[in-house]
Structure formats: structure tokens, C-alpha cells
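run-v9.cif (mmCIF, C-alpha atoms (C1' of nucleotides)) appears below.
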```cif
data_work
#
loop_
_atom_site.label_atom_id
_atom_site.label_comp_id
_atom_site.auth_asym_id
_atom_site.auth_seq_id
_atom_site.Cartn_x
_atom_site.Cartn_y
_atom_site.Cartn_z
CA MET A 86 128.54 63.61 70.41
CA SER A 87 128.58 63.57 74.20
CA LEU A 88 125.26 65.19 75.16
CA GLU A 89 123.28 62.04 74.55
CA HIS A 90 125.67 60.02 76.66
CA VAL A 91 125.50 62.55 79.45
CA LEU A 92 121.71 62.35 79.33
CA LEU A 93 121.95 58.55 79.52
CA GLY A 94 124.16 58.91 82.55
CA MET A 95 121.71 61.25 84.24
CA LEU A 96 118.85 58.85 83.64
CA ARG A 97 119.70 56.62 86.60
CA GLU A 98 116.13 57.30 87.56
CA PRO A 99 113.43 57.88 84.94
CA ALA A 100 112.99 61.57 84.27
CA SER A 101 111.43 64.06 81.87
CA GLY A 102 113.25 66.59 79.71
CA TYR A 103 112.23 69.28 82.14
CA ASP A 104 113.64 67.31 85.07
CA LEU A 105 116.92 66.79 83.25
CA ARG A 106 117.39 70.48 82.62
CA LYS A 107 116.82 71.11 86.32
CA SER A 108 119.47 68.53 87.16
CA PHE A 109 121.86 70.31 84.81
CA GLU A 110 121.23 73.58 86.60
CA GLU A 111 121.28 72.30 90.12
CA GLU A 112 123.82 69.48 90.19
CA SER A 113 125.85 69.34 87.00
CA ARG A 114 126.38 73.00 86.32
CA HIS A 115 130.11 72.66 86.91
CA PHE A 116 130.73 70.08 84.19
CA TRP A 117 127.85 70.24 81.73
CA SER A 118 124.73 72.16 80.78
CA ALA A 119 122.10 72.13 78.06
CA GLU A 120 118.94 73.98 77.14
CA LEU A 121 115.52 72.42 76.78
CA SER A 122 115.60 73.13 73.05
CA GLN A 123 118.55 70.81 72.83
CA ILE A 124 117.31 68.21 75.30
CA TYR A 125 113.89 67.52 73.80
CA PRO A 126 115.12 66.60 70.30
CA ALA A 127 117.96 64.58 71.83
CA LEU A 128 115.54 62.49 73.89
CA LYS A 129 113.42 61.92 70.79
CA ARG A 130 116.41 60.71 68.77
CA MET A 131 117.51 58.46 71.59
CA MET A 132 114.06 56.91 71.78
CA GLU A 133 114.00 56.28 68.03
CA ARG A 134 117.40 54.63 68.39
CA GLY A 135 116.05 52.34 71.09
CA TRP A 136 118.11 53.78 73.97
CA LEU A 137 115.05 55.03 75.86
CA VAL A 138 111.40 54.27 76.32
CA CYS A 139 108.89 56.97 77.05
CA ASP A 140 106.03 56.83 79.50
CA ALA A 141 103.32 59.47 79.72
CA ALA A 142 102.69 60.58 83.27
CA PRO A 143 100.30 63.10 84.76
CA SER A 144 101.77 66.14 86.47
CA GLU A 145 100.77 68.06 89.57
CA ARG A 146 100.22 71.15 87.55
CA GLY A 147 100.72 71.97 83.92
CA PRO A 148 100.67 69.62 80.92
CA LYS A 149 101.32 65.88 81.08
CA ARG A 150 104.92 64.82 81.50
CA ARG A 151 106.88 62.50 79.24
CA VAL A 152 109.06 60.41 81.46
CA TYR A 153 111.99 58.64 79.83
CA GLU A 154 113.69 55.47 81.00
CA ARG A 155 116.83 53.72 79.81
CA THR A 156 116.53 50.44 77.93
CA HIS A 157 119.17 47.70 78.10
CA GLU A 158 120.54 49.08 74.85
CA GLY A 159 120.73 52.53 76.38
CA THR A 160 122.54 51.19 79.39
CA SER A 161 125.07 49.34 77.28
CA ALA A 162 125.60 52.40 75.06
CA LEU A 163 126.39 54.35 78.21
CA GLU A 164 128.71 51.65 79.45
CA SER A 165 130.73 51.53 76.27
CA TRP A 166 131.09 55.33 76.37
CA LEU A 167 132.32 55.08 79.95
CA ARG A 168 134.85 52.42 79.04
CA GLN A 169 136.32 54.61 76.28
CA GLU A 170 139.28 56.82 76.86
CA PRO A 171 138.53 60.15 78.57
CA VAL A 172 136.89 62.48 76.07
CA GLU A 173 138.87 65.72 75.78
CA GLY A 174 137.03 68.82 74.67
CA ARG A 175 138.69 71.45 72.51
CA ASP A 176 140.51 74.17 74.34
CA ARG A 177 139.04 77.54 73.47
CA ILE A 178 139.87 79.70 76.42
CA ALA A 179 138.97 83.22 75.47
CA TYR A 180 140.29 84.80 78.64
CA ILE A 181 143.79 83.46 77.98
CA ALA A 182 143.67 85.01 74.52
CA GLN A 183 142.61 88.30 76.10
CA LEU A 184 145.40 88.15 78.65
CA ILE A 185 148.03 87.53 75.99
CA PHE A 186 146.81 90.26 73.66
CA LEU A 187 146.60 92.72 76.55
CA GLY A 188 150.38 92.73 76.18
CA GLU A 189 149.95 94.94 73.15
CA LEU A 190 148.28 97.67 75.21
CA ASP A 191 151.14 97.53 77.71
CA ASP A 192 148.80 99.17 80.20
CA GLY A 193 149.38 98.10 83.80
CA VAL A 194 146.00 99.33 84.91
CA ALA A 195 144.14 97.36 82.26
CA THR A 196 146.08 94.17 82.97
CA THR A 197 145.63 94.59 86.72
CA ARG A 198 141.91 95.08 86.39
CA PHE A 199 141.69 92.07 84.13
CA VAL A 200 143.65 89.72 86.37
CA GLU A 201 141.74 90.93 89.45
CA SER A 202 138.53 90.11 87.71
CA LEU A 203 139.83 86.66 86.76
CA HIS A 204 140.88 86.12 90.36
CA ARG A 205 137.43 87.00 91.71
CA HIS A 206 135.84 84.73 89.17
CA PHE A 207 138.06 81.78 90.04
CA LYS A 208 137.43 82.34 93.73
CA SER A 209 133.69 82.29 93.38
CA LYS A 210 133.83 79.13 91.29
CA LEU A 211 136.05 77.53 93.90
CA THR A 212 133.64 78.49 96.67
CA LEU A 213 130.80 76.79 94.84
CA LEU A 214 132.74 73.57 94.42
CA GLU A 215 133.96 73.63 98.00
CA SER A 216 130.50 74.03 99.41
CA ALA A 217 129.29 71.13 97.26
CA LEU A 218 132.09 69.03 98.74
CA ASP A 219 131.31 70.19 102.28
CA GLU A 220 127.70 69.28 101.84
CA MET A 221 128.63 65.85 100.57
CA LEU A 222 131.07 65.23 103.41
CA THR A 223 128.77 66.38 106.21
CA SER A 224 126.11 64.04 104.84
CA VAL A 225 128.39 61.14 105.80
CA ASP A 226 130.01 62.80 108.84
CA GLY A 227 133.34 63.24 107.07
CA ASN A 228 133.74 59.53 106.47
CA ILE A 229 134.55 59.01 102.79
CA ASP A 230 134.26 55.24 103.07
CA ALA A 231 130.60 55.67 103.93
CA LEU A 232 129.89 57.09 100.45
CA ASP A 233 128.27 54.77 97.95
CA ALA A 234 130.02 54.23 94.61
CA THR A 235 128.23 57.13 92.95
CA GLY A 236 129.02 59.43 95.85
CA PHE A 237 132.64 58.34 95.79
CA HIS A 238 132.99 59.11 92.10
CA GLU A 239 131.32 62.48 92.58
CA TYR A 240 133.78 63.12 95.38
CA LEU A 241 136.72 62.40 93.06
CA SER A 242 135.40 64.76 90.42
CA LEU A 243 134.85 67.52 92.95
CA GLN A 244 138.37 67.07 94.28
CA MET A 245 139.80 67.49 90.81
CA GLY A 246 137.73 70.59 90.13
CA ILE A 247 138.71 72.10 93.46
CA ALA A 248 142.39 71.41 92.87
CA ALA A 249 142.29 73.02 89.44
CA TYR A 250 140.41 76.13 90.58
CA SER A 251 142.42 76.49 93.73
CA ALA A 252 145.59 76.52 91.61
CA ARG A 253 144.06 79.15 89.37
CA VAL A 254 143.15 81.30 92.36
CA ASP A 255 146.72 81.13 93.61
CA SER A 256 148.37 81.71 90.27
CA SER A 257 146.16 84.68 89.44
CA ALA A 258 147.16 86.20 92.77
CA GLU A 259 150.82 85.62 91.91
CA SER A 260 150.27 87.17 88.51
CA LEU A 261 148.77 90.20 90.16
CA ALA A 262 151.92 90.64 92.23
CA LEU A 263 154.11 90.31 89.16
CA VAL A 264 152.05 92.88 87.31
CA ALA A 265 152.29 95.30 90.22
CA GLU A 266 156.04 94.79 90.34
CA ARG A 267 156.48 95.34 86.64
CA TYR A 268 154.23 98.35 86.23
CA THR A 269 154.69 100.26 89.47
CA GLY A 270 158.11 99.17 90.59
CA VAL A 271 156.66 98.01 93.92
CA VAL A 272 158.38 94.88 95.15
CA LYS A 273 156.72 92.81 97.81
CA ASN A 274 159.12 91.83 100.56
CA ASP A 275 158.50 88.35 101.96
CA MET B 256 131.87 85.60 68.92
CA SER B 257 135.50 85.46 69.97
CA LEU B 258 137.23 84.00 66.91
CA GLU B 259 137.29 87.28 65.07
CA HIS B 260 138.77 89.05 68.07
CA VAL B 261 141.40 86.37 68.45
CA LEU B 262 142.30 86.81 64.78
CA LEU B 263 142.56 90.57 65.33
CA GLY B 264 144.88 89.90 68.24
CA MET B 265 147.07 87.63 66.14
CA LEU B 266 147.33 90.23 63.38
CA ARG B 267 150.03 92.23 65.16
CA GLU B 268 151.88 91.72 61.91
CA PRO B 269 150.04 91.45 58.57
CA ALA B 270 149.37 87.83 57.71
CA SER B 271 147.38 85.58 55.41
CA GLY B 272 144.72 83.07 56.43
CA TYR B 273 147.23 80.31 55.87
CA ASP B 274 149.76 82.03 58.13
CA LEU B 275 147.16 82.45 60.86
CA ARG B 276 146.30 78.77 60.88
CA LYS B 277 149.98 77.97 61.26
CA SER B 278 150.17 80.33 64.23
CA PHE B 279 147.22 78.54 65.78
CA GLU B 280 148.98 75.23 65.40
CA GLU B 281 152.41 76.31 66.46
CA GLU B 282 151.89 78.95 69.15
CA SER B 283 148.30 79.16 70.27
CA ARG B 284 147.35 75.51 70.36
CA HIS B 285 146.92 75.59 74.14
CA PHE B 286 144.25 78.28 74.20
CA TRP B 287 142.64 78.44 70.77
CA SER B 288 142.48 76.76 67.39
CA ALA B 289 140.59 77.10 64.14
CA GLU B 290 140.48 75.50 60.71
CA LEU B 291 141.10 77.28 57.42
CA SER B 292 137.47 76.76 56.47
CA GLN B 293 136.55 78.92 59.43
CA ILE B 294 139.35 81.44 59.07
CA TYR B 295 138.84 82.43 55.43
CA PRO B 296 135.19 83.45 55.75
CA ALA B 297 135.98 85.22 59.05
CA LEU B 298 138.67 87.34 57.39
CA LYS B 299 136.27 88.19 54.59
CA ARG B 300 133.56 89.33 57.04
CA MET B 301 136.09 91.36 59.00
CA MET B 302 137.23 93.09 55.83
CA GLU B 303 133.66 93.93 54.84
CA ARG B 304 133.17 95.35 58.32
CA GLY B 305 136.22 97.54 57.91
CA TRP B 306 138.40 95.85 60.52
CA LEU B 307 140.97 94.69 57.98
CA VAL B 308 142.41 95.63 54.63
CA CYS B 309 143.67 93.05 52.19
CA ASP B 310 146.79 93.23 50.09
CA ALA B 311 147.61 90.76 47.34
CA ALA B 312 151.17 89.50 47.56
CA PRO B 313 153.13 87.04 45.47
CA SER B 314 154.28 83.83 47.10
CA GLU B 315 157.44 81.79 46.79
CA ARG B 316 155.50 78.85 45.52
CA GLY B 317 151.84 78.22 45.02
CA PRO B 318 149.07 80.72 44.38
CA LYS B 319 149.21 84.39 45.32
CA ARG B 320 148.70 85.22 48.99
CA ARG B 321 146.11 87.56 50.44
CA VAL B 322 147.76 89.37 53.29
CA TYR B 323 145.46 91.05 55.82
CA GLU B 324 146.28 94.04 57.97
CA ARG B 325 144.36 95.67 60.82
CA THR B 326 142.77 99.06 60.26
CA HIS B 327 142.33 101.63 63.03
CA GLU B 328 138.79 100.35 63.41
CA GLY B 329 140.08 96.82 63.75
CA THR B 330 142.57 97.88 66.38
CA SER B 331 139.94 99.70 68.39
CA ALA B 332 137.54 96.75 68.11
CA LEU B 333 140.30 94.56 69.56
CA GLU B 334 141.00 97.06 72.30
CA SER B 335 137.40 97.26 73.43
CA TRP B 336 137.25 93.45 73.54
CA LEU B 337 140.39 93.41 75.67
CA ARG B 338 138.98 95.97 78.07
CA GLN B 339 135.84 93.90 78.61
CA GLU B 340 135.52 91.49 81.49
CA PRO B 341 137.21 88.12 80.98
CA VAL B 342 135.13 86.02 78.58
CA GLU B 343 134.19 82.73 80.21
CA GLY B 344 133.43 79.80 77.97
CA ARG B 345 130.75 77.34 78.99
CA ASP B 346 132.00 74.34 80.90
CA ARG B 347 131.43 71.12 79.02
CA ILE B 348 133.92 68.73 80.46
CA ALA B 349 133.04 65.31 79.14
CA TYR B 350 135.66 63.47 81.15
CA ILE B 351 134.17 64.70 84.42
CA ALA B 352 130.80 63.39 83.31
CA GLN B 353 132.42 60.06 82.49
CA LEU B 354 134.15 59.91 85.85
CA ILE B 355 130.93 60.58 87.75
CA PHE B 356 128.85 58.09 85.79
CA LEU B 357 131.56 55.43 86.19
CA GLY B 358 130.21 55.28 89.74
CA GLU B 359 127.30 53.31 88.40
CA LEU B 360 129.57 50.54 87.14
CA ASP B 361 131.26 50.36 90.57
CA ASP B 362 134.17 48.67 88.84
CA GLY B 363 137.53 49.48 90.42
CA VAL B 364 139.44 48.32 87.36
CA ALA B 365 137.46 50.55 85.00
CA THR B 366 137.82 53.59 87.25
CA THR B 367 141.52 52.94 87.78
CA ARG B 368 142.16 52.65 84.07
CA PHE B 369 140.21 55.81 83.45
CA VAL B 370 141.96 57.91 86.06
CA GLU B 371 145.36 56.60 84.96
CA SER B 372 144.58 57.67 81.45
CA LEU B 373 143.50 61.11 82.68
CA HIS B 374 146.70 61.37 84.66
CA ARG B 375 148.85 60.58 81.63
CA HIS B 376 146.95 63.08 79.57
CA PHE B 377 147.35 65.87 82.12
CA LYS B 378 151.05 65.11 82.44
CA SER B 379 151.68 65.35 78.73
CA LYS B 380 149.78 68.64 78.53
CA LEU B 381 151.79 69.95 81.45
CA THR B 382 155.04 68.95 79.78
CA LEU B 383 154.12 70.89 76.67
CA LEU B 384 153.36 74.03 78.64
CA GLU B 385 156.48 73.69 80.74
CA SER B 386 158.73 73.38 77.74
CA ALA B 387 157.13 76.46 76.21
CA LEU B 388 157.90 78.32 79.42
CA ASP B 389 161.46 76.98 79.51
CA GLU B 390 162.04 78.09 75.97
CA MET B 391 160.74 81.55 76.76
CA LEU B 392 162.85 81.87 79.89
CA THR B 393 166.09 80.66 78.32
CA SER B 394 165.58 83.21 75.55
CA VAL B 395 166.06 85.93 78.18
CA ASP B 396 168.48 84.02 80.43
CA GLY B 397 165.89 83.53 83.16
CA ASN B 398 165.37 87.22 83.63
CA ILE B 399 161.64 87.95 83.51
CA ASP B 400 162.17 91.70 83.54
CA ALA B 401 163.94 91.41 80.21
CA LEU B 402 160.71 90.25 78.52
CA ASP B 403 158.83 92.80 76.48
CA ALA B 404 155.18 93.47 77.32
CA THR B 405 153.91 90.77 74.97
CA GLY B 406 156.38 88.26 76.34
CA PHE B 407 155.44 89.16 79.88
CA HIS B 408 151.75 88.60 79.21
CA GLU B 409 152.50 85.31 77.51
CA TYR B 410 154.51 84.36 80.55
CA LEU B 411 151.54 85.07 82.84
CA SER B 412 149.24 82.95 80.74
CA LEU B 413 151.68 80.06 80.67
CA GLN B 414 152.07 80.25 84.45
CA MET B 415 148.32 79.99 84.90
CA GLY B 416 148.08 77.05 82.53
CA ILE B 417 150.94 75.27 84.24
CA ALA B 418 149.45 75.82 87.68
CA ALA B 419 146.09 74.43 86.59
CA TYR B 420 147.53 71.36 84.88
CA SER B 421 150.02 70.68 87.60
CA ALA B 422 147.14 70.66 90.11
CA ARG B 423 145.26 68.24 87.90
CA VAL B 424 148.27 65.95 87.65
CA ASP B 425 148.54 65.86 91.44
CA SER B 426 144.88 65.43 92.13
CA SER B 427 144.50 62.63 89.60
CA ALA B 428 147.38 60.85 91.33
CA GLU B 429 145.62 61.29 94.67
CA SER B 430 142.40 60.00 93.16
CA LEU B 431 144.25 56.95 91.95
CA ALA B 432 145.39 56.21 95.50
CA LEU B 433 141.87 56.65 96.85
CA VAL B 434 140.50 54.30 94.21
CA ALA B 435 143.11 51.68 95.05
CA GLU B 436 142.26 52.01 98.73
CA ARG B 437 138.55 51.69 98.16
CA TYR B 438 138.58 48.83 95.69
CA THR B 439 141.49 46.68 96.85
CA GLY B 440 141.72 47.59 100.51
CA VAL B 441 145.38 48.53 100.02
CA VAL B 442 146.33 51.48 102.18
CA LYS B 443 149.46 53.41 101.34
CA ASN B 444 151.56 54.08 104.41
CA ASP B 445 153.24 57.49 104.41
"C1'" DA C 231 95.05 90.00 86.37
"C1'" DT C 232 99.91 89.42 86.64
"C1'" DG C 233 103.77 86.86 87.16
"C1'" DA C 234 106.24 82.66 88.47
"C1'" DC C 235 106.61 77.97 87.56
"C1'" DC C 236 105.21 73.61 85.20
"C1'" DA C 237 105.73 71.43 80.66
"C1'" DT C 238 106.17 70.75 75.86
"C1'" DG C 239 108.07 71.72 71.61
"C1'" DT C 240 109.82 74.22 66.71
"C1'" DA C 241 112.59 77.57 63.95
"C1'" DA C 242 116.28 80.62 62.93
"C1'" DT C 243 120.80 81.41 63.48
"C1'" DC C 244 125.59 80.76 64.74
"C1'" DC C 245 129.82 78.40 65.40
"C1'" DG C 246 132.80 74.66 64.20
"C1'" DT C 247 134.28 70.28 61.76
"C1'" DT C 248 134.84 67.39 57.84
"C1'" DA C 249 134.77 66.81 53.19
"C1'" DC C 250 135.23 68.53 48.66
"C1'" DA C 251 137.45 71.28 44.82
"C1'" DT C 252 141.45 73.49 42.59
"C1'" DG C 253 145.99 74.33 41.30
"C1'" DA C 254 151.25 75.48 41.59
"C1'" DT C 255 155.90 74.14 43.26
"C1'" DT C 256 159.45 71.44 45.23
"C1'" DC C 257 161.80 67.27 46.86
"C1'" DG C 258 162.86 62.48 46.47
"C1'" DC D 91 155.78 60.35 39.03
"C1'" DG D 92 154.02 60.94 43.60
"C1'" DA D 93 153.87 63.11 48.05
"C1'" DA D 94 154.32 67.19 50.76
"C1'" DT D 95 153.69 71.94 51.20
"C1'" DC D 96 151.91 76.35 49.65
"C1'" DA D 97 147.53 78.65 49.05
"C1'" DT D 98 142.73 79.62 48.29
"C1'" DG D 99 138.18 78.74 48.94
"C1'" DT D 100 132.89 76.33 49.14
"C1'" DA D 101 129.45 72.98 50.84
"C1'" DA D 102 127.37 69.83 53.91
"C1'" DC D 103 126.56 68.69 58.32
"C1'" DG D 104 126.30 68.78 63.41
"C1'" DG D 105 125.95 70.97 67.86
"C1'" DA D 106 124.47 74.85 70.70
"C1'" DT D 107 122.03 79.32 71.61
"C1'" DT D 108 118.26 82.39 71.17
"C1'" DA D 109 113.85 83.34 69.96
"C1'" DC D 110 109.26 81.97 69.16
"C1'" DA D 111 104.82 79.46 70.20
"C1'" DT D 112 101.46 77.29 73.39
"C1'" DG D 113 98.95 76.49 77.39
"C1'" DG D 114 97.83 75.05 82.45
"C1'" DT D 115 98.15 76.04 87.62
"C1'" DC D 116 98.98 78.55 91.70
"C1'" DA D 117 99.97 82.41 94.69
"C1'" DT D 118 99.66 87.54 95.39
#
```

I need this file expressed as C-alpha cells, please.
Amino acid sequence: MSLEHVLLGMLREPASGYDLRKSFEEESRHFWSAELSQIYPALKRMMERGWLVCDAAPSERGPKRRVYERTHEGTSALESWLRQEPVEGRDRIAYIAQLIFLGELDDGVATTRFVESLHRHFKSKLTLLESALDEMLTSVDGNIDALDATGFHEYLSLQMGIAAYSARVDSSAESLALVAERYTGVVKND
Amino acid sequence: MSLEHVLLGMLREPASGYDLRKSFEEESRHFWSAELSQIYPALKRMMERGWLVCDAAPSERGPKRRVYERTHEGTSALESWLRQEPVEGRDRIAYIAQLIFLGELDDGVATTRFVESLHRHFKSKLTLLESALDEMLTSVDGNIDALDATGFHEYLSLQMGIAAYSARVDSSAESLALVAERYTGVVKND
DNA sequence: ATGACCATGTAATCCGTTACATGATTCG
DNA sequence: CGAATCATGTAACGGATTACATGGTCAT
């Protein structure tokens, strides 16, 4: 049950459900996301459990906002989640299943197309993460020590994401070469 | 709705629900898994849809087995899934959320412990994948060209997994050094 | 006025996990 | 006799997506 803890973590500053969904889309897209229809009931439950308090606030335009704030109990619930072991999600990687079962077709063109598409996808994901890192680093003139604790931890997580995607970019390119070699007899000389 | 396509892919040979769960546990653990309570109804739906036929078979011990086999329709449903674009699952990586929100604690010990634990976890995952690759390679005396099409595609998928986990192992080690530097002032000389 | 954005929510449905229910065989 | 393994399922619950429902403001 991680969503509620993620919401707690995002509530450094008081925010409404609508705000939180925007944060998911703008900042946290690379590690978590949730729809409003999931966020609103979650906030309600968390309030009933005493993790949040809710404050009505007027809005510039549109209906009145409900702004949520962490209580001490909420903060300590977050802290005990953070001090747990890393939470591992289940691996359900459909594209790996597809790649394996493509073996049955034994069709070089199909496999090539597939791996090319994977490669493009990994590259675009990598670009996103890299530009987030760039932005963060230019904001402190390339000096990591100038980051505050939150910035530093964000930096670590971006590094890990970049490393993982960069490896995937490279290995999909290598796979492409192997596929070409196997199905067309072309051998790259290096 | 990928589970049913994954089951189709695994039904190269006729198999029962029980067999399929064993395959998930023994072979496919690193990219997919499912419980019997999910598999049995899925097989039933697939049969009603005409993707499978079911044959009753006696068993060595225990109740009689229901062995499922792909129909032409099932095979072509699989094929059109394989010829789609790679299916990307949504990213919900709880441990990245934890790492980022640990910034709020600003506690070097907590972050160190966390990243160490991540590192261990990545390493053990990597070891699993590497031994699967080893096993596959020794079965053909290190000669990739001797793999059949299915083996070759499995090889590609293992390579990608290994690359991704190996990058994570390295980057978590680097993170550990950065954390030590930031929180204890110790600088590694290289 | 039409559409984009602000802002809240509920309901139906789907996918997955855990727990329950049943019963035969084999090994220690 | 009890535990493990073979083998089939259903039911209850929880988490996530999609669709539905409502209504205000602002810019074109």
C-alpha cells in the first residue's frame, strides 16, 4: 500500500488533490503516477486515519480547494515507511515477454523492428531523465555540494534512473547488431 | 491485458494451469508471474474465446489434469500481440520514492542503510540473471550461433536484464560513496 | 458559444493477491 | 499419521483505470 505513503512524502507543503496530480505529472512521472479518482479517496482515508488535516481555501477560479496538510502522525507514518527496507514492486515486464516469444516467429524483420522500437523508447526516456538532471545541476552551477538534502536525494535517484536507462539503450543497440548478424549474415567489423 | 498473451506464449507445448504456474516460478520469474487463482479463470476465458482447447488427461498422482492447447486463433492472437509495439508498463518504483523522500530526514545513516540495502538487492538479482545466462551458454559451449531461435531471443532478453541490473549495482555503489562524502566529509582518493 | 483549465468527486470494471475449500498420492 | 506435492477451483478484498457527473472561470 504505497500510494498513501507517496502522497505523504509529496505533502512537504500543504496541497490539494488537484495539486498532487499535477506534481505526479510534472515531477514524479518517472517513478510514480496516480489519477485523481485514486487520489481523492486516498486523501479522505488518510484524513480519517489522522494522517492529514484538511483546510478549505478559496481558489482563483473554479470551486473552492481542499488543501491537505500532514499531522505529526502523518509525518511519523511517513518516517517509518522510509526507514523500512526498500519496497520492491513486482516485475511484470511485458516487453521482455514479447521479445522472448518473438523467438517462435523466427522472423528477423519482426525482431529487428521490435528491438529498434525498444531502443527508441529507452533513448527518449533517457533524454527526459538527463534533461531533468541538467536542469538540477545548472541551478547550482554544477556544484553538487550546493544542493540541499532534498535536492541531493533527488540527484541520487536521477543518477540511478539514468544509469539503468543508459544501459538499456546500449544493450538494445547491441541486441540489434546480434539480430542483424544472425538473420542477414552481416558481421560488423570493429 | 497482457497475462492472457503471456499464457499463450508459454503454451508452445500443451500444458495445464498447474504446469504454467511452475513455469512462471522456474523460468519466467524475472519478467512475469501469476498465481493459480489468476491462471485458472484466465484459461477458462481463453477457451470460451476460442484461443485454447482443453483435453482431460490422467495424472500420476492427484486429480485429473486439464491440459490446454493453442488453437489457430490463439496462435494468431499471440502473433498480433507480438507484432504490436513493445508494451510499456506504468512505472511505480516505490524505492525511488523512498530514496527521494529520505531527503527530508537528512539522516546520513538512514540513507546509507537504505542504499546499501538497495545495492545488495540489485546484486542478488544480477547474480540470478547471470547464472541463468551462464547455464544457457554452457549448454551450447559458449557458441551463441548454436542457439535455436527461442534460445537466441531468451539470450537477448537476459542480456538486457543483466545490463540494466549491472548498471544499478554500479550506480548504487557510486551513490553510497557520494552519501559518505556528503554526510561524513570522507573523500575517497582514487 | 466553445474549449481549455480549475476543482471536486462517484461508479463500474479490471487486474492481482490472499484466503478458503477439496481431495488424492507419496514419502518419512 | 502428518507433511509435501499434485491438482482443481471459488470468494473476498484491494489497488488502479476508465467512464461518468458537476460546475465555475477565462480567453478566443

Residues selected by the PyMOL selection byres ((chain A) within 9 of (chain D)), written as a PDB file with C-alpha atoms, in the coordinates of the input:
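part.pdb, written as the output of this step:
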```
ATOM      1  CA  MET A  86     128.540  63.610  70.410  1.00  0.00           C
ATOM      2  CA  ALA A 119     122.100  72.130  78.060  1.00  0.00           C
ATOM      3  CA  GLU A 120     118.940  73.980  77.140  1.00  0.00           C
ATOM      4  CA  GLN A 123     118.550  70.810  72.830  1.00  0.00           C
ATOM      5  CA  GLU A 145     100.770  68.060  89.570  1.00  0.00           C
ATOM      6  CA  ARG A 146     100.220  71.150  87.550  1.00  0.00           C
ATOM      7  CA  GLY A 147     100.720  71.970  83.920  1.00  0.00           C
ATOM      8  CA  PRO A 148     100.670  69.620  80.920  1.00  0.00           C
TER       9      PRO A 148
END
```

For segment 405-416 of chain B: contacts at 6 Å, only C-alpha atoms (C1' of nucleotides), fewer than 3 positions along chain excluded, given as number ranges by chain: A: 185, 188, 256; B: 402, 419

Residues of chain B within 8 Å of chain A, using all atoms listed in the file, as a PyMOL selection string? chain B and resi 257+261+264-265+285-288+334+336-338+340-344+346-361+365+369+372-373+400+404-409+411-412+414-415+418-420+422-423+426-427+430+437

Can you list, as a PDB file with C-alpha atoms (C1' of nucleotides), in the frame of the given file, the residues that the PyMOL selection byres ((chain C) within 12 of (chain A)) selects here?
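Output (out23.pdb):
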```
ATOM      1  C1'  DC C 235     106.610  77.970  87.560  1.00  0.00           C
ATOM      2  C1'  DC C 236     105.210  73.610  85.200  1.00  0.00           C
ATOM      3  C1'  DA C 237     105.730  71.430  80.660  1.00  0.00           C
ATOM      4  C1'  DT C 238     106.170  70.750  75.860  1.00  0.00           C
ATOM      5  C1'  DG C 239     108.070  71.720  71.610  1.00  0.00           C
ATOM      6  C1'  DT C 240     109.820  74.220  66.710  1.00  0.00           C
ATOM      7  C1'  DA C 241     112.590  77.570  63.950  1.00  0.00           C
ATOM      8  C1'  DG C 246     132.800  74.660  64.200  1.00  0.00           C
ATOM      9  C1'  DT C 247     134.280  70.280  61.760  1.00  0.00           C
TER      10       DT C 247
END
```

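One finds atom CA of Gly159 of chain A at 20.9 Å from atom CA of Ala142 of chain A.
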
One number please: atom CA of Val308 of chain B to atom CA of Glu324 of chain B, in Å, one decimal. 5.4 Å

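The interatomic distance for the pair atom CA of Glu112 of chain A and atom CA of Thr160 of chain A works out to 21.3 Å.
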
Provide an axis-aligned box for all listed atoms of segment 229-235 of chain A, padding each side by 5 Å; report its centre and its edge lengths in Å to one decimal, as lines of an AutoDock Vina configuration file.
```
center_x = 131.4
center_y = 56.6
center_z = 98.4
size_x = 16.3
size_y = 14.8
size_z = 21.0
```

12 Å contact set for Cys309 of chain B, only C-alpha atoms (C1' of nucleotides), chain neighbours under 3 positions out, as a VMD selection string: chain B and resid 269 to 272 298 to 303 305 to 306 312 320 to 326

How would segment 259-272 of chain A look with N, CA and C atoms restored, written as a tab-separated table (two decimals), in the frame of the given file?
```tsv
chain	number	residue	atom	x	y	z
A	259	GLU	N	149.40	85.43	92.20
A	259	GLU	CA	150.82	85.62	91.91
A	259	GLU	C	151.01	86.53	90.70
A	260	SER	N	150.18	86.32	89.69
A	260	SER	CA	150.27	87.17	88.51
A	260	SER	C	150.05	88.62	88.87
A	261	LEU	N	149.09	88.85	89.73
A	261	LEU	CA	148.77	90.20	90.16
A	261	LEU	C	150.00	90.87	90.79
A	262	ALA	N	150.71	90.11	91.60
A	262	ALA	CA	151.92	90.64	92.23
A	262	ALA	C	152.97	90.97	91.18
A	263	LEU	N	153.13	90.07	90.21
A	263	LEU	CA	154.11	90.31	89.16
A	263	LEU	C	153.77	91.54	88.34
A	264	VAL	N	152.49	91.72	88.09
A	264	VAL	CA	152.05	92.88	87.31
A	264	VAL	C	152.35	94.16	88.09
A	265	ALA	N	152.04	94.12	89.39
A	265	ALA	CA	152.29	95.30	90.22
A	265	ALA	C	153.78	95.64	90.20
A	266	GLU	N	154.60	94.61	90.33
A	266	GLU	CA	156.04	94.79	90.34
A	266	GLU	C	156.52	95.42	89.03
A	267	ARG	N	156.01	94.86	87.94
A	267	ARG	CA	156.48	95.34	86.64
A	267	ARG	C	156.03	96.76	86.35
A	268	TYR	N	154.78	97.07	86.69
A	268	TYR	CA	154.23	98.35	86.23
A	268	TYR	C	154.32	99.48	87.25
A	269	THR	N	154.59	99.16	88.51
A	269	THR	CA	154.69	100.26	89.47
A	269	THR	C	156.01	100.24	90.19
A	270	GLY	N	156.82	99.23	89.93
A	270	GLY	CA	158.11	99.17	90.59
A	270	GLY	C	158.03	98.72	92.03
A	271	VAL	N	156.80	98.47	92.54
A	271	VAL	CA	156.66	98.01	93.92
A	271	VAL	C	157.06	96.55	94.02
A	272	VAL	N	157.95	96.26	94.94
A	272	VAL	CA	158.38	94.88	95.15
A	272	VAL	C	157.92	94.44	96.53
```
